[in-house]
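A.B. asks: So here's my_file-v6.cif, just mmCIF, C-alpha atoms:
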data_run
loop_
_atom_site.label_atom_id
_atom_site.label_comp_id
_atom_site.auth_asym_id
_atom_site.auth_seq_id
_atom_site.Cartn_x
_atom_site.Cartn_y
_atom_site.Cartn_z
CA MET A 1 0.00 0.00 0.00
CA LYS A 2 2.87 2.42 0.82
CA LEU A 3 4.46 1.67 -2.54
CA THR A 4 1.14 2.24 -4.33
CA ARG A 5 0.67 5.59 -2.62
CA SER A 6 4.23 6.65 -3.42
CA LEU A 7 3.76 5.81 -7.09
CA ALA A 8 0.46 7.68 -7.16
CA VAL A 9 2.01 10.78 -5.61
CA ALA A 10 4.88 10.66 -8.09
CA LEU A 11 2.43 10.32 -10.98
CA VAL A 12 0.38 13.30 -9.80
CA ALA A 13 3.50 15.45 -9.31
CA SER A 14 4.96 14.64 -12.70
CA GLY A 15 1.60 15.19 -14.38
CA ALA A 16 1.15 18.59 -12.76
CA ALA A 17 4.67 19.68 -13.77
CA ALA A 18 4.05 18.75 -17.38
CA GLY A 19 0.60 20.38 -17.44
CA ALA A 20 1.22 23.14 -19.99
CA ALA A 21 2.89 20.94 -22.58
CA ALA A 22 0.78 17.82 -22.21
CA GLN A 23 -2.53 19.54 -21.30
CA VAL A 24 -2.65 17.60 -18.03
CA THR A 25 -4.76 19.01 -15.19
CA LEU A 26 -4.66 18.28 -11.48
CA ALA A 27 -7.98 19.11 -9.81
CA GLY A 28 -10.32 17.95 -7.09
CA ILE A 29 -12.81 18.67 -4.33
CA ALA A 30 -12.26 18.99 -0.57
CA ASP A 31 -15.53 18.70 1.38
CA ALA A 32 -16.08 18.13 5.12
CA ALA A 33 -19.11 18.47 7.39
CA VAL A 34 -19.99 18.20 11.06
CA ARG A 35 -22.72 15.52 11.13
CA HIS A 36 -25.18 14.25 13.75
CA VAL A 37 -27.27 11.13 13.07
CA ASP A 38 -29.91 9.79 15.48
CA ASN A 39 -31.36 6.31 14.97
CA GLN A 40 -34.53 5.64 16.95
CA GLY A 41 -33.89 3.35 19.90
CA ARG A 42 -30.15 3.17 19.22
CA GLY A 43 -28.89 6.60 20.25
CA SER A 44 -26.88 9.00 18.12
CA VAL A 45 -23.43 9.56 16.66
CA LYS A 46 -21.64 12.88 16.14
CA SER A 47 -18.89 12.88 13.54
CA LEU A 48 -16.83 14.81 11.05
CA ALA A 49 -17.89 13.41 7.69
CA SER A 50 -16.28 13.69 4.26
CA GLY A 51 -18.37 14.72 1.26
CA GLY A 52 -21.68 16.14 2.48
CA ASN A 53 -22.19 18.33 -0.60
CA SER A 54 -19.78 16.75 -3.10
CA THR A 55 -17.56 13.69 -2.74
CA SER A 56 -14.01 14.63 -1.77
CA ARG A 57 -11.68 13.53 -4.57
CA LEU A 58 -8.42 13.97 -6.42
CA ILE A 59 -8.59 14.19 -10.22
CA LEU A 60 -5.82 13.79 -12.79
CA ARG A 61 -6.92 14.27 -16.40
CA GLY A 62 -5.52 15.24 -19.75
CA THR A 63 -6.33 15.65 -23.44
CA GLU A 64 -4.42 15.74 -26.70
CA ASP A 65 -5.72 17.37 -29.87
CA LEU A 66 -5.16 14.92 -32.73
CA GLY A 67 -6.45 17.28 -35.42
CA GLY A 68 -9.42 16.97 -37.70
CA GLY A 69 -11.91 17.18 -34.83
CA LEU A 70 -10.32 14.21 -33.03
CA SER A 71 -8.83 14.10 -29.53
CA ALA A 72 -7.47 11.57 -27.04
CA GLY A 73 -7.77 11.80 -23.28
CA PHE A 74 -7.63 10.14 -19.92
CA HIS A 75 -9.40 10.69 -16.57
CA LEU A 76 -8.24 9.27 -13.23
CA GLU A 77 -10.32 10.00 -10.12
CA HIS A 78 -9.45 8.97 -6.56
CA GLY A 79 -11.95 9.16 -3.70
CA ILE A 80 -10.68 10.68 -0.43
CA LEU A 81 -12.05 10.48 3.11
CA LEU A 82 -11.12 14.01 4.09
CA ASP A 83 -11.89 13.52 7.78
CA SER A 84 -9.25 10.80 8.18
CA GLY A 85 -6.92 11.47 5.25
CA THR A 86 -7.40 7.95 3.91
CA GLN A 87 -8.60 6.67 0.56
CA ALA A 88 -12.32 5.97 0.13
CA SER A 89 -11.77 2.45 -1.22
CA THR A 90 -9.46 -0.07 0.41
CA THR A 91 -9.15 -2.10 -2.81
CA GLN A 92 -9.12 0.47 -5.66
CA PHE A 93 -6.93 3.58 -5.78
CA TRP A 94 -8.69 5.18 -8.77
CA ASP A 95 -12.05 3.97 -7.40
CA ARG A 96 -14.27 6.70 -8.83
CA ARG A 97 -13.13 6.68 -12.46
CA SER A 98 -10.22 5.40 -14.52
CA THR A 99 -10.74 5.81 -18.28
CA VAL A 100 -8.94 6.46 -21.54
CA SER A 101 -10.86 7.76 -24.54
CA LEU A 102 -10.89 8.76 -28.18
CA ALA A 103 -13.37 11.49 -29.11
CA SER A 104 -14.72 12.95 -32.33
CA ARG A 105 -16.78 16.13 -32.57
CA SER A 106 -19.08 14.45 -35.09
CA LEU A 107 -19.10 10.80 -33.95
CA GLY A 108 -18.96 11.03 -30.17
CA GLU A 109 -16.60 9.53 -27.60
CA LEU A 110 -15.37 5.96 -27.19
CA ARG A 111 -14.33 5.46 -23.54
CA ALA A 112 -12.70 2.45 -21.87
CA GLY A 113 -12.30 1.69 -18.15
CA ARG A 114 -14.21 2.18 -14.90
CA ASP A 115 -17.07 4.69 -15.00
CA PHE A 116 -20.69 5.43 -14.06
CA VAL A 117 -23.35 3.04 -15.40
CA PRO A 118 -26.14 4.56 -17.56
CA SER A 119 -28.89 4.13 -14.93
CA TYR A 120 -26.93 5.97 -12.27
CA VAL A 121 -26.15 8.86 -14.66
CA ASN A 122 -29.85 9.08 -15.43
CA TRP A 123 -30.91 9.04 -11.77
CA GLY A 124 -28.21 11.18 -10.17
CA ARG A 125 -28.94 14.22 -12.34
CA TYR A 126 -32.41 14.51 -10.75
CA ASP A 127 -31.24 14.30 -7.11
CA PRO A 128 -30.92 17.83 -5.62
CA PHE A 129 -28.39 16.46 -3.12
CA SER A 130 -26.19 14.89 -5.83
CA TYR A 131 -26.30 11.40 -4.26
CA VAL A 132 -24.24 12.50 -1.21
CA GLY A 133 -24.85 13.76 2.33
CA VAL A 134 -27.55 13.02 4.89
CA ALA A 135 -30.38 13.66 2.39
CA SER A 136 -28.86 11.64 -0.46
CA SER A 137 -31.13 9.37 -2.49
CA SER A 138 -28.35 6.78 -2.07
CA ASN A 139 -29.79 6.07 1.40
CA PHE A 140 -32.39 3.96 -0.43
CA VAL A 141 -29.86 2.10 -2.60
CA ALA A 142 -28.64 -0.26 0.08
CA ALA A 143 -27.41 -3.86 0.06
CA SER A 144 -28.16 -3.91 3.80
CA GLN A 145 -31.84 -4.55 3.00
CA THR A 146 -33.43 -7.88 2.07
CA GLY A 147 -34.30 -7.07 -1.54
CA PRO A 148 -33.06 -7.16 -5.14
CA ILE A 149 -29.68 -5.46 -4.60
CA ARG A 150 -28.63 -7.88 -1.89
CA ALA A 151 -30.08 -10.85 -3.79
CA ALA A 152 -28.04 -10.00 -6.90
CA PHE A 153 -24.75 -8.92 -5.32
CA GLY A 154 -24.73 -9.93 -1.66
CA THR A 155 -22.74 -7.29 0.21
CA SER A 156 -20.06 -7.25 -2.52
CA PRO A 157 -19.43 -4.31 -4.89
CA ASN A 158 -22.44 -3.82 -7.16
CA THR A 159 -23.28 -1.94 -10.36
CA THR A 160 -25.86 0.51 -9.02
CA VAL A 161 -23.30 3.34 -9.49
CA ARG A 162 -20.23 2.17 -11.45
CA SER A 163 -18.90 -0.68 -13.52
CA SER A 164 -15.33 -1.80 -14.02
CA ASN A 165 -14.01 -3.38 -17.25
CA ALA A 166 -16.35 -1.22 -19.34
CA LEU A 167 -16.35 0.02 -22.91
CA GLN A 168 -18.85 2.75 -23.74
CA TRP A 169 -19.88 5.11 -26.49
CA LEU A 170 -21.19 8.59 -25.66
CA SER A 171 -23.11 10.64 -28.21
CA PRO A 172 -21.63 13.85 -29.65
CA ALA A 173 -23.00 17.32 -28.90
CA GLY A 174 -25.08 19.17 -31.47
CA LEU A 175 -27.85 16.61 -32.05
CA GLY A 176 -30.68 19.05 -31.37
CA GLY A 177 -30.85 18.24 -27.68
CA ILE A 178 -30.67 14.45 -28.05
CA GLU A 179 -27.97 12.75 -25.94
CA GLY A 180 -27.15 9.29 -24.65
CA GLY A 181 -24.75 6.42 -24.58
CA VAL A 182 -24.19 2.66 -24.56
CA MET A 183 -22.07 0.62 -22.12
CA LEU A 184 -20.74 -2.94 -22.32
CA ALA A 185 -18.64 -4.56 -19.59
CA ALA A 186 -17.04 -7.99 -19.49
CA GLY A 187 -17.36 -10.17 -16.41
CA GLU A 188 -13.88 -11.51 -17.20
CA GLY A 189 -14.72 -14.84 -15.62
CA GLY A 190 -14.90 -13.30 -12.15
CA THR A 191 -17.43 -13.35 -9.34
CA ALA A 192 -19.69 -10.88 -7.54
CA ALA A 193 -17.40 -11.12 -4.52
CA ASN A 194 -14.57 -9.72 -6.67
CA GLY A 195 -16.78 -6.97 -8.12
CA GLN A 196 -16.76 -8.46 -11.62
CA HIS A 197 -20.05 -8.35 -13.50
CA LYS A 198 -21.19 -8.64 -17.10
CA VAL A 199 -22.99 -5.37 -17.87
CA VAL A 200 -25.08 -4.16 -20.81
CA GLY A 201 -26.64 -0.71 -20.56
CA GLY A 202 -27.92 2.26 -22.49
CA ARG A 203 -29.22 5.78 -21.96
CA LEU A 204 -31.24 8.18 -24.13
CA GLY A 205 -32.37 11.69 -23.32
CA TYR A 206 -33.59 14.99 -24.71
CA ALA A 207 -32.73 18.34 -23.13
CA GLN A 208 -33.25 22.00 -23.87
CA LYS A 209 -32.43 25.01 -21.71
CA ALA A 210 -35.37 24.64 -19.30
CA PHE A 211 -36.65 21.12 -19.94
CA GLY A 212 -35.21 17.64 -20.08
CA VAL A 213 -36.34 13.99 -20.04
CA SER A 214 -34.29 10.80 -20.15
CA ALA A 215 -34.42 7.02 -19.70
CA ALA A 216 -31.82 4.34 -19.02
CA LEU A 217 -31.51 0.61 -18.45
CA THR A 218 -28.52 -1.28 -17.01
CA ARG A 219 -28.51 -5.09 -16.99
CA SER A 220 -25.95 -6.96 -14.84
CA GLU A 221 -25.06 -10.63 -14.49
CA ASN A 222 -22.70 -12.48 -12.15
CA ASP A 223 -22.39 -15.84 -10.38
CA LEU A 224 -25.27 -14.96 -8.02
CA THR A 225 -27.83 -14.01 -10.69
CA THR A 226 -28.62 -17.62 -11.63
CA ARG A 227 -32.38 -16.96 -11.91
CA GLY A 228 -32.08 -14.00 -14.25
CA ALA A 229 -30.14 -10.77 -14.67
CA PHE A 230 -30.33 -7.81 -12.30
CA LYS A 231 -32.15 -4.96 -14.08
CA ASP A 232 -31.76 -1.30 -13.10
CA THR A 233 -34.23 0.99 -14.90
CA ALA A 234 -34.32 4.77 -14.42
CA LEU A 235 -36.68 7.37 -15.91
CA GLY A 236 -36.82 11.06 -15.12
CA GLY A 237 -37.41 14.62 -16.15
CA SER A 238 -36.92 18.18 -14.93
CA TYR A 239 -38.26 21.66 -15.69
CA ASP A 240 -36.86 25.06 -14.79
CA PHE A 241 -39.61 27.60 -14.02
CA GLY A 242 -37.08 30.33 -13.26
CA ALA A 243 -38.18 30.73 -9.65
CA ALA A 244 -37.46 27.03 -9.10
CA ARG A 245 -36.24 23.94 -10.93
CA VAL A 246 -38.17 20.75 -10.18
CA SER A 247 -37.47 17.10 -10.97
CA LEU A 248 -39.34 13.80 -10.94
CA ALA A 249 -37.55 10.45 -11.26
CA TRP A 250 -38.44 6.76 -11.04
CA ARG A 251 -35.99 3.87 -10.60
CA ARG A 252 -36.61 0.13 -10.30
CA PHE A 253 -34.23 -2.65 -9.26
CA ASP A 254 -35.47 -6.06 -10.34
CA VAL A 255 -34.07 -9.59 -10.03
CA ALA A 256 -35.83 -12.97 -9.87
CA ASP A 257 -38.92 -12.63 -7.60
CA THR A 258 -38.11 -9.35 -5.90
CA GLN A 259 -38.30 -5.68 -6.89
CA GLN A 260 -37.58 -2.29 -5.36
CA THR A 261 -39.11 0.87 -6.81
CA ASN A 262 -37.67 4.26 -5.82
CA VAL A 263 -39.44 7.55 -6.57
CA LEU A 264 -37.80 10.97 -6.22
CA VAL A 265 -39.30 14.47 -6.29
CA GLY A 266 -36.77 17.27 -6.06
CA ALA A 267 -36.51 21.06 -6.17
CA TRP A 268 -33.75 23.69 -6.44
CA ILE A 269 -34.82 27.23 -5.44
CA PRO A 270 -32.38 30.12 -5.93
CA LEU A 271 -32.25 32.59 -3.03
CA GLY A 272 -30.55 35.84 -3.93
CA ALA A 273 -27.34 35.98 -5.91
CA SER A 274 -25.44 33.30 -3.98
CA GLY A 275 -27.91 31.04 -2.14
CA GLU A 276 -29.87 27.94 -3.09
CA LEU A 277 -32.56 26.03 -1.19
CA LYS A 278 -32.82 22.30 -1.97
CA LEU A 279 -35.70 19.95 -1.18
CA SER A 280 -36.35 16.28 -1.90
CA TRP A 281 -38.88 13.56 -1.17
CA ASN A 282 -37.86 9.94 -1.73
CA ARG A 283 -39.84 6.72 -1.44
CA ALA A 284 -38.61 3.11 -1.55
CA ASP A 285 -41.23 0.42 -2.15
CA LEU A 286 -40.17 -3.25 -1.98
CA ALA A 287 -42.25 -6.05 -3.46
CA GLY A 288 -42.09 -9.80 -4.00
CA ARG A 289 -40.04 -12.40 -2.18
CA VAL A 290 -36.42 -13.24 -1.46
CA GLY A 291 -36.43 -17.01 -1.02
CA ALA A 292 -39.29 -17.74 1.36
CA ALA A 293 -39.32 -14.23 2.87
CA SER A 294 -41.87 -11.68 1.69
CA VAL A 295 -40.65 -8.07 1.48
CA GLU A 296 -44.03 -6.55 0.54
CA ALA A 297 -44.40 -4.48 3.73
CA ASN A 298 -40.83 -3.16 3.80
CA ASP A 299 -41.11 0.43 2.57
CA ALA A 300 -39.63 3.79 3.55
CA THR A 301 -39.87 7.52 2.85
CA GLN A 302 -37.22 10.23 3.18
CA LEU A 303 -37.52 14.02 3.43
CA GLY A 304 -34.53 16.28 2.77
CA LEU A 305 -34.04 20.03 3.20
CA GLY A 306 -30.81 21.85 2.50
CA TYR A 307 -29.26 25.26 1.90
CA VAL A 308 -26.06 26.07 -0.01
CA HIS A 309 -24.42 29.50 0.20
CA GLY A 310 -21.68 30.44 -2.23
CA LEU A 311 -18.73 32.37 -0.81
CA SER A 312 -16.96 32.36 -4.19
CA LYS A 313 -16.93 30.37 -7.42
CA ARG A 314 -14.91 27.66 -5.66
CA THR A 315 -16.13 27.66 -2.07
CA VAL A 316 -19.56 27.11 -0.49
CA LEU A 317 -21.05 26.64 2.97
CA TYR A 318 -23.99 24.23 3.32
CA GLY A 319 -26.43 22.76 5.80
CA THR A 320 -28.78 19.79 5.40
CA LEU A 321 -31.57 18.11 7.39
CA ALA A 322 -33.04 14.68 6.60
CA GLN A 323 -35.39 12.06 8.03
CA VAL A 324 -35.97 8.45 6.98
CA ALA A 325 -39.23 6.80 8.14
CA ASN A 326 -39.29 3.00 7.75
CA LYS A 327 -42.23 0.62 7.60
CA GLY A 328 -42.43 -3.14 8.17
CA ALA A 329 -39.00 -4.74 8.48
CA ALA A 330 -37.23 -1.98 6.49
CA THR A 331 -34.12 -0.56 8.20
CA PHE A 332 -32.94 2.14 5.78
CA THR A 333 -30.73 4.65 7.59
CA ILE A 334 -28.80 7.85 7.08
CA ALA A 335 -25.07 7.14 6.82
CA GLY A 336 -22.98 7.75 9.92
CA GLY A 337 -25.43 6.70 12.63
CA PRO A 338 -25.31 3.88 15.20
CA ALA A 339 -25.89 0.33 13.97
CA GLY A 340 -28.80 -1.92 14.86
CA LEU A 341 -31.87 0.12 13.88
CA ALA A 342 -35.00 -2.02 14.33
CA GLY A 343 -37.43 -2.50 11.45
CA GLY A 344 -40.01 0.26 11.06
CA ASN A 345 -38.05 2.86 13.06
CA THR A 346 -36.80 6.33 12.13
CA SER A 347 -33.36 7.73 11.26
CA ARG A 348 -32.66 11.49 11.40
CA GLY A 349 -29.59 13.45 10.37
CA VAL A 350 -28.21 16.99 10.22
CA GLU A 351 -24.91 18.33 8.87
CA LEU A 352 -23.09 21.64 8.41
CA GLY A 353 -20.12 21.79 6.10
CA VAL A 354 -17.80 23.53 3.67
CA ARG A 355 -16.82 22.51 0.13
CA HIS A 356 -13.84 23.82 -1.83
CA VAL A 357 -13.14 23.02 -5.49
CA PHE A 358 -9.54 23.28 -6.69
#
Since I need it in another form, could you write the structure as structure tokens?
C.D. replies:
Amino acid sequence: MKLTRSLAVALVASGAAAGAAAQVTLAGIADAAVRHVDNQGRGSVKSLASGGNSTSRLILRGTEDLGGGLSAGFHLEHGILLDSGTQASTTQFWDRRSTVSLASRSLGELRAGRDFVPSYVNWGRYDPFSYVGVASSSNFVAASQTGPIRAAFGTSPNTTVRSSNALQWLSPAGLGGIEGGVMLAAGEGGTAANGQHKVVGGRLGYAQKAFGVSAALTRSENDLTTRGAFKDTALGGSYDFGAARVSLAWRRFDVADTQQTNVLVGAWIPLGASGELKLSWNRADLAGRVGAASVEANDATQLGLGYVHGLSKRTVLYGTLAQVANKGAATFTIAGGPAGLAGGNTSRGVELGVRHVF
């Protein structure tokens, strides 16, 4: 691990030094928040958390103009736990993204490596809290629950956000508002426990200045999906009224005899020249059976309220409140609280933080 870190530091340093000639950029986000999470019947935990507004990360990227509207590029992105100074993943250094690409202004981009799956791209754009923090819609995308995600992946790395070993095509700009992409990933003979999955996915959307709609499907297979592939379908749209931008999104996880349907309603409301109020309502509805166990009654709702205040183009202060109300045997929680929440109980969270982009 020490050798890996030393090599990474050397790579970043050499890349930054050669920036002007090779068009290499070193960038990132530093984000930390004071967080308090209370789980009903289990007490509370106070902590300093990393990434309440945006995930803390280190980015190394570069492009080369090949002429004739063609370019080559790479993007390496490393997740950081800012509160402890450690890496977000214990098994992957460039855990967030590691891709190389060839792009054409008229034909689009061909990208190879680890990246977001189409369904996550299509869902995350409609979450006012950007899939992070106490009010993140990711609170309802949990392998801790008896449902389709756990049935298809166990507690091993899954494809609800990213896929490794992927090849994808992304559409070019200038198609009259139409955009999308296709992803294929090889399982490489591996297992779910090793985070290796066969993935086929696609995304298609239409967007103008104030209005956008999109749909995506990601299909994953591994050694646990013996009764059929895991399907991740996401639909959504948003409209900007000027005084507020609102979104509505629907996402379903489906494998064998069990399903989970998530619904999201979100809003972004500008306040003055530098403030923004954010609101979201999420619902998770489980259905079907996992083995002999019915999950029909295991549902949950989440309310989120947040405010972001810009101090500059690079720095913001933010505060967020959230509550998760479970039903049946559901135990969805806000990240960072005490373990052992009983089914049907409530999880509440609050955080205050600062985010700096460099």
A.B. asks: For each of A:Ser312, A:Ser71, A:Thr86, A:Ser137, take the minimum atom-to-atom distance to Arg111 of chain A, counting all atoms listed in the file, then give the residue where this is smallest.
C.D. replies: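 For Arg111 of chain A, the nearest of the candidates is A:Ser71.
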A.B. asks: Just give me the gap between atom CA of Trp169 of chain A and atom CA of Val213 of chain A in Å, one decimal is fine.
C.D. replies: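 Atom CA of Val213 of chain A lies 19.8 Å from atom CA of Trp169 of chain A.
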A.B. asks: For atom CA of Leu58 of chain A and atom CA of Thr25 of chain A, quote the distance in Å rounded to one decimal.
C.D. replies: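 Between atom CA of Leu58 of chain A and atom CA of Thr25 of chain A the gap is 10.8 Å.
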A.B. asks: What is the distance between atom CA of Asn139 of chain A and atom CA of Trp281 of chain A, in Å to one decimal?
C.D. replies: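 Taking atom CA of Asn139 of chain A and atom CA of Trp281 of chain A, their separation equals 12.1 Å.
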A.B. asks: Please list as a PyMOL selection string every residue within 8 Å of Ala287 of chain A, counting all atoms listed in the file and excluding residues in the same chain fewer than 3 positions away.
C.D. replies: chain A and resi 258-260+294-298
A.B. asks: Can you list what the PyMOL selection byres ((chain A and resi 261-270) around 6) grabs from this structure, as number ranges by chain?
C.D. replies: A: 128, 244-252, 260, 271, 275-285
A.B. asks: Between A:Gly67, A:Gly237, A:Gly205, A:Gly228, single out the one closest to Ser171 of chain A, counting all atoms listed in the file.
C.D. replies: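 Using all atoms listed in the file, the shortest distance to Ser171 of chain A belongs to A:Gly205.
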A.B. asks: Starting from the shown file, work through the PyMOL selection byres ((chain A and resi 339-348) around 7) and note down what comes out as a PDB file with C-alpha atoms, in the frame of the given file.
C.D. replies:
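Writing done, so here's expr_7.pdb:
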ATOM      1  CA  VAL A  37     -27.270  11.130  13.070  1.00  0.00           C
ATOM      2  CA  ASP A  38     -29.910   9.790  15.480  1.00  0.00           C
ATOM      3  CA  ASN A  39     -31.360   6.310  14.970  1.00  0.00           C
ATOM      4  CA  GLN A  40     -34.530   5.640  16.950  1.00  0.00           C
ATOM      5  CA  ARG A  42     -30.150   3.170  19.220  1.00  0.00           C
ATOM      6  CA  ALA A 322     -33.040  14.680   6.600  1.00  0.00           C
ATOM      7  CA  GLN A 323     -35.390  12.060   8.030  1.00  0.00           C
ATOM      8  CA  VAL A 324     -35.970   8.450   6.980  1.00  0.00           C
ATOM      9  CA  ALA A 325     -39.230   6.800   8.140  1.00  0.00           C
ATOM     10  CA  ASN A 326     -39.290   3.000   7.750  1.00  0.00           C
ATOM     11  CA  LYS A 327     -42.230   0.620   7.600  1.00  0.00           C
ATOM     12  CA  GLY A 328     -42.430  -3.140   8.170  1.00  0.00           C
ATOM     13  CA  ALA A 329     -39.000  -4.740   8.480  1.00  0.00           C
ATOM     14  CA  ALA A 330     -37.230  -1.980   6.490  1.00  0.00           C
ATOM     15  CA  THR A 331     -34.120  -0.560   8.200  1.00  0.00           C
ATOM     16  CA  THR A 333     -30.730   4.650   7.590  1.00  0.00           C
ATOM     17  CA  ILE A 334     -28.800   7.850   7.080  1.00  0.00           C
ATOM     18  CA  GLY A 337     -25.430   6.700  12.630  1.00  0.00           C
ATOM     19  CA  PRO A 338     -25.310   3.880  15.200  1.00  0.00           C
ATOM     20  CA  GLY A 349     -29.590  13.450  10.370  1.00  0.00           C
TER      21      GLY A 349
END
A.B. asks: Give me the result of the PyMOL selection byres ((chain A and resi 141) around 10) on this file, residue by residue, as a PyMOL selection string.
C.D. replies: chain A and resi 136-140+142-145+149+160-161+253+260+262+284+332
A.B. asks: Excluding same-chain residues fewer than 2 positions from Arg35 of chain A, what lies within 9 Å of it counting only C-alpha atoms, as JSON, numbers by chain?
C.D. replies: {"A": [33, 37, 45, 46, 47, 48, 49, 52, 134, 336, 349, 350, 351, 352, 353]}
A.B. asks: I'd like the contact shell of Leu167 of chain A - 12 Å cut-off, only C-alpha atoms, skipping same-chain residues fewer than 2 positions apart - returned as an NGL selection string.
C.D. replies: :A and (98-102 or 109-117 or 163-165 or 169-170 or 181-186 or 198-202)
A.B. asks: Can I get the selected residues back with C-alpha atoms, as a short mmCIF file (atom, residue, chain, number, x, y, z; two decimals), in the frame of the given file?
C.D. replies:
data_model
loop_
_atom_site.label_atom_id
_atom_site.label_comp_id
_atom_site.auth_asym_id
_atom_site.auth_seq_id
_atom_site.Cartn_x
_atom_site.Cartn_y
_atom_site.Cartn_z
CA SER A 98 -10.22 5.40 -14.52
CA THR A 99 -10.74 5.81 -18.28
CA VAL A 100 -8.94 6.46 -21.54
CA SER A 101 -10.86 7.76 -24.54
CA LEU A 102 -10.89 8.76 -28.18
CA GLU A 109 -16.60 9.53 -27.60
CA LEU A 110 -15.37 5.96 -27.19
CA ARG A 111 -14.33 5.46 -23.54
CA ALA A 112 -12.70 2.45 -21.87
CA GLY A 113 -12.30 1.69 -18.15
CA ARG A 114 -14.21 2.18 -14.90
CA ASP A 115 -17.07 4.69 -15.00
CA PHE A 116 -20.69 5.43 -14.06
CA VAL A 117 -23.35 3.04 -15.40
CA SER A 163 -18.90 -0.68 -13.52
CA SER A 164 -15.33 -1.80 -14.02
CA ASN A 165 -14.01 -3.38 -17.25
CA TRP A 169 -19.88 5.11 -26.49
CA LEU A 170 -21.19 8.59 -25.66
CA GLY A 181 -24.75 6.42 -24.58
CA VAL A 182 -24.19 2.66 -24.56
CA MET A 183 -22.07 0.62 -22.12
CA LEU A 184 -20.74 -2.94 -22.32
CA ALA A 185 -18.64 -4.56 -19.59
CA ALA A 186 -17.04 -7.99 -19.49
CA LYS A 198 -21.19 -8.64 -17.10
CA VAL A 199 -22.99 -5.37 -17.87
CA VAL A 200 -25.08 -4.16 -20.81
CA GLY A 201 -26.64 -0.71 -20.56
CA GLY A 202 -27.92 2.26 -22.49
#
A.B. asks: (-29.9, 13.7, -29.9) in this file's frame - what residues fall within 12 Å of it? Use all atoms listed in the file and give the answer as a list in words.
C.D. replies: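 Protein and nucleic acid residues near the point are Leu107, Gly108, Leu170, Ser171, Pro172, Ala173, Gly174, Leu175, Gly176, Gly177, Ile178, Glu179, Gly180, Gly181, Arg203, Leu204, Gly205, Tyr206, Ala207, Gln208, Gly212, Val213 and Ser214 of chain A.
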